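Report on one structure; see the data block that follows.
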Amino acid sequence: MRIKLDINNHAHRQRIKYVVGDFVMSNLAWFIYNIVRYQMGTVVGWPYLVSYLKSDMVIAGQVFFPLLMMVTYIFSGYYNNVVRKSRIQELLLTATSAVINTLLIFFLALINDVIGVRGSDYEMIFILWALLFGLVYLVRAIITHHGTSLIKSRRWTFPTLIVGSGSAALTYYEKLNRRKQPTGHDVMGFVNIPGENPVKGNPLPCYELDELQNVCTQLGISELIVVPSRDDTTQTMNAINRLFALGLPIMISPEYFNKMRIPVTISDIYGEPLVNISRSSMSDSGKNIKRALDVVVSLVALVLLLPIYAVVALIIKRTSPGPIFYKQERIGLHNKPFDIIKFRSMVQDAESGGRPQLSSDDDPRITPFGRFMRKYRIDELPQFWNVLKGEMSLVGPRPERKFYIDQITPLVPAYSLLHQVRPGITSMGMVKFGYAKNLDEMVERVEYDLTYLNNMSLINDLKILIYTIKIVFTGRGM
């Protein structure tokens with residue numbers, strides 16, 4: 001019996017299994033370790049074991065340490081993507097998490113152990129690691145194997161659309177159907193890319209881009225595979241740009257992806273090499289830590305900068321008629337619009353003509369105090385609120401308006417890939433290039449943001465933040 005699954009519902013169930021399994025096994029590992037730890041102590045003997053395990057210290061540890069381990073598992077990114085896991089990545093990630101948890105527990109509790117341990121610290125560390133790794137990995141492997149076997153037996157399938165309606169799309173569809181080892185894709189139809197010639201006699205429905213939102217909802221689509229039949233990169237990237245708003249995994253062949261001059265990171269989907277262009281190259285653990293830092297830093301900044309906010313707001317109100325804050329629609333993660341918040345640095349109704357305009361150093365619309373704010377990037381400070389809401393990150397590609405995106409994309413088709421990640425208050429483009437005064441400069445700045453996208457890491461984020469702080473304090477913001 002084939003079960004068509006909404007990948008979100010299936011992922012939710014799988015995630016619960018992994019979380020419960022990890023928590024139970026972490027508790028068991030710590031419980032067994034306490035028994036081993038007791039038996040290796042200077043005071044031994046089974047009659048005293050029950051009393052030892054009922055002691056307040058042991059009970060407190062049995063509550064605290066498994067929860068600490070769960071925090072490590074969350075930040076490791078293991079629960080980010082729980083469908084069609086790579087066995088090797090699972091093994092390595094579990095082993096690494098066990099190492100981190102072992103070291104945390106050792107330095108928090110065992111380094112000054114009240115039980116006189118006859119064995120060496122190395123023995124105790126290895127025993128703890130072996131228990132954490134062995135028990136947790138055992139349950140994880142069972143859950144993963146069960147899910148994989150259901151996919152291979154075609155009992156689990158994931159509704160999929162092939163974006164493309166030409167000969168290449170039909171060939172790819174037939175290739176999927178001929179595979180002896182199923183990938184889990186259940187192709188429900190094709191999507192026409194403007195400019196393509198749909199194949200006549202197509203065995204499945206062919207949809208238009210404009211109706212995809214409703215189609216994906218009605219059919220419970222889990223994944224999109226882009227298979228263009230033409231070498232028109234601009235048309236294909238325009239189509240991909242619209243797909244981001246659906247919030248679904250977008251896969252594309254490495255052969256076509258290479259034409260965009262972006263290095264390839266292959267996604268493992270059971271033998272069919274595809275690139276997931278809806279996800280950045282940063283590891284899942286890196287993404288989790290990055291988001292956690294965004295939240296913590298934004299909260300601290302919003303509290304500590306309150307006096308500065310009050311002073312700036314007062315000066316803006318006294319020196320220029322109009323509102324204190326300025327909101328403008330920008331395009332963010334997954335091509336979704338949001339309102340970016342800034343301190344108003346221009347006169348009221350600076351774009352009263354209705355047509356978006358870029359500013360320059362001598363722009364008469366900029367108020368005297370606004371010029372000062374832009375020089376030291378003070379006008380950007382309210383964006384910590386955007387970061388806290390999840391619309392932006394501290395570091396990421398600079399968000400643009402749709403008006404300019406529509407002009408940039410034909411010149412730099414890979415621009416659409418920037419919608420993989422949250423835009424940032426600061427970016428590589430901003431520290432290396434600065435404000436753009438025309439379309440050519442915007443295109444030049446985009447190249448820096450694409451470089452950042454392909455080299456995303458917490459270390460690079462830190463470097464960009466340091467450069468930004470330097471720019472702020474030296475007044476090189478304009």
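Simple scheme: letters A, B, ... for chains in structure tokens order, numbers from 1 for residues in each chain, numbers from 1 for ligands in the order shown.
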Identify, on the basis of only C-alpha atoms, every residue whose closest approach to segment 178-189 of chain A does not exceed 10 Å; exclude the query and any residue fewer than 6 positions from it along the same chain; express the result as a PyMOL selection string.
-> chain A and resi 4-5+84+148+150-165+172+202-207+215-216+219-225+269-272
Check which residues of segment 57-111 of chain A sit at most 8 Å from segment 126-141 of chain A using only C-alpha atoms, and return one row each with the closest pair of atoms and their distance in Å to one decimal, ordered by chain and rising number, as a tab-separated table.
```
residue	atom	partner	partner_atom	distance
A:Arg87	CA	A:Ala141	CA	7.8
A:Leu91	CA	A:Tyr137	CA	7.1
A:Thr94	CA	A:Tyr137	CA	6.3
A:Ala95	CA	A:Phe133	CA	5.7
A:Ala98	CA	A:Phe133	CA	5.4
A:Val99	CA	A:Trp129	CA	6.2
A:Thr102	CA	A:Trp129	CA	5.7
```
Would you save the residues from that selection as a PDB file, in the first residue's frame, using N, CA and C atoms?
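Once written, again-v2.pdb looks like this:
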```
ATOM      1  N   ARG A  87      23.107   8.106   6.133  1.00  0.00           N
ATOM      2  CA  ARG A  87      23.576   7.234   7.220  1.00  0.00           C
ATOM      3  C   ARG A  87      24.938   7.681   7.744  1.00  0.00           C
ATOM      4  N   LEU A  91      25.862   9.031  11.492  1.00  0.00           N
ATOM      5  CA  LEU A  91      26.887   8.399  12.329  1.00  0.00           C
ATOM      6  C   LEU A  91      27.870   9.436  12.856  1.00  0.00           C
ATOM      7  N   THR A  94      26.208  11.971  15.325  1.00  0.00           N
ATOM      8  CA  THR A  94      25.946  11.374  16.633  1.00  0.00           C
ATOM      9  C   THR A  94      27.234  11.227  17.429  1.00  0.00           C
ATOM     10  N   ALA A  95      28.302  10.802  16.756  1.00  0.00           N
ATOM     11  CA  ALA A  95      29.595  10.658  17.434  1.00  0.00           C
ATOM     12  C   ALA A  95      30.105  12.007  17.925  1.00  0.00           C
ATOM     13  N   ALA A  98      28.114  13.194  20.912  1.00  0.00           N
ATOM     14  CA  ALA A  98      28.513  12.443  22.097  1.00  0.00           C
ATOM     15  C   ALA A  98      29.812  12.987  22.686  1.00  0.00           C
ATOM     16  N   VAL A  99      30.732  13.385  21.822  1.00  0.00           N
ATOM     17  CA  VAL A  99      31.992  13.977  22.282  1.00  0.00           C
ATOM     18  C   VAL A  99      31.718  15.281  23.033  1.00  0.00           C
ATOM     19  N   THR A 102      29.994  14.600  26.355  1.00  0.00           N
ATOM     20  CA  THR A 102      30.938  13.991  27.291  1.00  0.00           C
ATOM     21  C   THR A 102      31.839  15.045  27.920  1.00  0.00           C
TER      22      THR A 102
END
```
Which neighbours of segment 453-460 of chain A fall inside 9 Å, counting only C-alpha atoms, when residues of the same chain fewer than 5 positions from it are skipped, and could you give them as a list in words?
->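 The residues that qualify are Ile262, Pro263, Ser280, Ser281, Met282, Ser283, Gly286, Lys287, Ile289, Lys290, Gly396, Pro397, Leu417, Leu418, Gln420, Val421, Tyr448 and Leu465 of chain A.
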Take the residues from that selection and write them out as a PDB file, in the first residue's frame, keeping N, CA, C and O atoms.
```pdb
ATOM      1  N   ILE A 262      28.255  28.777  -9.764  1.00  0.00           N
ATOM      2  CA  ILE A 262      28.232  28.600  -8.317  1.00  0.00           C
ATOM      3  C   ILE A 262      28.669  27.170  -8.021  1.00  0.00           C
ATOM      4  O   ILE A 262      28.112  26.237  -8.586  1.00  0.00           O
ATOM      5  N   PRO A 263      29.681  26.948  -7.144  1.00  0.00           N
ATOM      6  CA  PRO A 263      30.110  25.593  -6.811  1.00  0.00           C
ATOM      7  C   PRO A 263      28.947  24.757  -6.278  1.00  0.00           C
ATOM      8  O   PRO A 263      28.039  25.274  -5.629  1.00  0.00           O
ATOM      9  N   SER A 280      20.912  27.008   2.079  1.00  0.00           N
ATOM     10  CA  SER A 280      22.274  27.520   1.961  1.00  0.00           C
ATOM     11  C   SER A 280      23.280  26.414   2.262  1.00  0.00           C
ATOM     12  O   SER A 280      22.927  25.347   2.760  1.00  0.00           O
ATOM     13  N   SER A 281      24.552  26.703   1.977  1.00  0.00           N
ATOM     14  CA  SER A 281      25.609  25.710   2.179  1.00  0.00           C
ATOM     15  C   SER A 281      26.023  25.585   3.639  1.00  0.00           C
ATOM     16  O   SER A 281      26.765  24.673   3.995  1.00  0.00           O
ATOM     17  N   MET A 282      25.568  26.483   4.498  1.00  0.00           N
ATOM     18  CA  MET A 282      25.934  26.407   5.917  1.00  0.00           C
ATOM     19  C   MET A 282      25.347  25.155   6.542  1.00  0.00           C
ATOM     20  O   MET A 282      24.232  24.748   6.217  1.00  0.00           O
ATOM     21  N   SER A 283      26.093  24.539   7.431  1.00  0.00           N
ATOM     22  CA  SER A 283      25.616  23.323   8.101  1.00  0.00           C
ATOM     23  C   SER A 283      24.392  23.626   8.952  1.00  0.00           C
ATOM     24  O   SER A 283      24.154  24.770   9.359  1.00  0.00           O
ATOM     25  N   GLY A 286      25.366  25.135  12.170  1.00  0.00           N
ATOM     26  CA  GLY A 286      25.713  26.541  11.988  1.00  0.00           C
ATOM     27  C   GLY A 286      24.478  27.421  11.905  1.00  0.00           C
ATOM     28  O   GLY A 286      24.439  28.515  12.478  1.00  0.00           O
ATOM     29  N   LYS A 287      23.460  26.943  11.187  1.00  0.00           N
ATOM     30  CA  LYS A 287      22.209  27.713  11.078  1.00  0.00           C
ATOM     31  C   LYS A 287      21.537  27.889  12.427  1.00  0.00           C
ATOM     32  O   LYS A 287      21.038  28.978  12.754  1.00  0.00           O
ATOM     33  N   ILE A 289      22.933  27.777  15.453  1.00  0.00           N
ATOM     34  CA  ILE A 289      23.734  28.668  16.302  1.00  0.00           C
ATOM     35  C   ILE A 289      23.599  30.111  15.823  1.00  0.00           C
ATOM     36  O   ILE A 289      23.472  31.038  16.625  1.00  0.00           O
ATOM     37  N   LYS A 290      23.598  30.300  14.498  1.00  0.00           N
ATOM     38  CA  LYS A 290      23.454  31.644  13.926  1.00  0.00           C
ATOM     39  C   LYS A 290      22.132  32.277  14.356  1.00  0.00           C
ATOM     40  O   LYS A 290      22.092  33.446  14.762  1.00  0.00           O
ATOM     41  N   GLY A 396      23.892  38.912   6.555  1.00  0.00           N
ATOM     42  CA  GLY A 396      23.252  38.236   5.430  1.00  0.00           C
ATOM     43  C   GLY A 396      23.233  39.166   4.239  1.00  0.00           C
ATOM     44  O   GLY A 396      23.641  40.327   4.345  1.00  0.00           O
ATOM     45  N   PRO A 397      22.789  38.693   3.091  1.00  0.00           N
ATOM     46  CA  PRO A 397      22.707  39.555   1.910  1.00  0.00           C
ATOM     47  C   PRO A 397      21.816  40.762   2.187  1.00  0.00           C
ATOM     48  O   PRO A 397      20.840  40.670   2.937  1.00  0.00           O
ATOM     49  N   LEU A 417      19.210  33.085  -5.764  1.00  0.00           N
ATOM     50  CA  LEU A 417      19.712  32.179  -4.736  1.00  0.00           C
ATOM     51  C   LEU A 417      19.875  32.878  -3.392  1.00  0.00           C
ATOM     52  O   LEU A 417      19.947  32.220  -2.349  1.00  0.00           O
ATOM     53  N   LEU A 418      19.945  34.210  -3.392  1.00  0.00           N
ATOM     54  CA  LEU A 418      20.087  34.936  -2.130  1.00  0.00           C
ATOM     55  C   LEU A 418      18.865  34.761  -1.237  1.00  0.00           C
ATOM     56  O   LEU A 418      18.928  35.016  -0.034  1.00  0.00           O
ATOM     57  N   GLN A 420      17.708  32.111  -0.289  1.00  0.00           N
ATOM     58  CA  GLN A 420      17.883  30.923   0.548  1.00  0.00           C
ATOM     59  C   GLN A 420      17.978  31.305   2.022  1.00  0.00           C
ATOM     60  O   GLN A 420      17.685  30.490   2.900  1.00  0.00           O
ATOM     61  N   VAL A 421      18.458  32.505   2.285  1.00  0.00           N
ATOM     62  CA  VAL A 421      18.789  32.896   3.655  1.00  0.00           C
ATOM     63  C   VAL A 421      18.106  34.210   4.038  1.00  0.00           C
ATOM     64  O   VAL A 421      17.648  34.962   3.171  1.00  0.00           O
ATOM     65  N   TYR A 448      29.349  40.392  -4.296  1.00  0.00           N
ATOM     66  CA  TYR A 448      29.887  40.157  -2.954  1.00  0.00           C
ATOM     67  C   TYR A 448      28.927  39.308  -2.127  1.00  0.00           C
ATOM     68  O   TYR A 448      29.356  38.415  -1.387  1.00  0.00           O
ATOM     69  N   LEU A 465      30.958  41.294  11.003  1.00  0.00           N
ATOM     70  CA  LEU A 465      30.513  42.122  12.119  1.00  0.00           C
ATOM     71  C   LEU A 465      31.635  43.025  12.621  1.00  0.00           C
ATOM     72  O   LEU A 465      31.417  44.202  12.940  1.00  0.00           O
TER      73      LEU A 465
END
```
Å distance separating atom CA of Gly332 of chain A from atom CA of Lys85 of chain A, one decimal place |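 A separation of 28.2 Å between them.
Between atom CA of Gly390 of chain A and atom CA of Leu293 of chain A there is a distance of 11.9 Å.
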Could you tell me, as a VMD selection string, which residues of segment 80-174 of chain A DSSP assigns to strand (DSSP E) when given the backbone?
-> chain A and resid 156 to 163
Non-local contacts of segment 311-319 of chain A (10 Å; only C-alpha atoms; under 6 positions in same chain excluded) as a VMD selection string = chain A and resid 325 343 to 345 367 to 370 373 378 to 379
Rank A:Met237, A:Leu304, A:Val395, A:Gln218 by their smallest atom-to-atom distance to Arg291 of chain A, using only C-alpha atoms, and report the top residue only.
->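 Of A:Met237, A:Leu304, A:Val395, A:Gln218, the one nearest Arg291 of chain A is A:Val395, counting only C-alpha atoms.
The residue that comes closest to Ile408 of chain A, out of A:Arg445, A:Arg242, A:Arg15, A:Arg355 and on the basis of only C-alpha atoms, is A:Arg445.
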Would you list, as a ChimeraX atom specification, the residues of segment 6-186 of chain A that end up in alpha helix (DSSP H) under DSSP run on this structure's backbone?
-> /A:7-39,49-53,56-76,87-105,121-152,167-178
Which residue out of A:Ser167, A:Pro337, A:Tyr73, A:Gln14 has the minimum interatomic distance to Ile142 of chain A when only C-alpha atoms are used?
-> A:Gln14
Residue with smallest distance to Asn27 of chain A - pool A:Val303, A:Leu53, A:Leu67, A:Ala292, counting only C-alpha atoms =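 Distance minimum relative to Asn27 of chain A lands on A:Leu67.
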Interatomic distance between atom CA of Asn386 of chain A and atom CA of Phe338 of chain A?
->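 That distance, rounded to one decimal, is 8.9 Å.
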Given the choices A:Gly77, A:Thr468, A:Pro382, A:Ile193, which gets closest to Ile308 of chain A if the distance is worked out from only C-alpha atoms?
->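 Under the stated criterion, the closest residue is A:Pro382.
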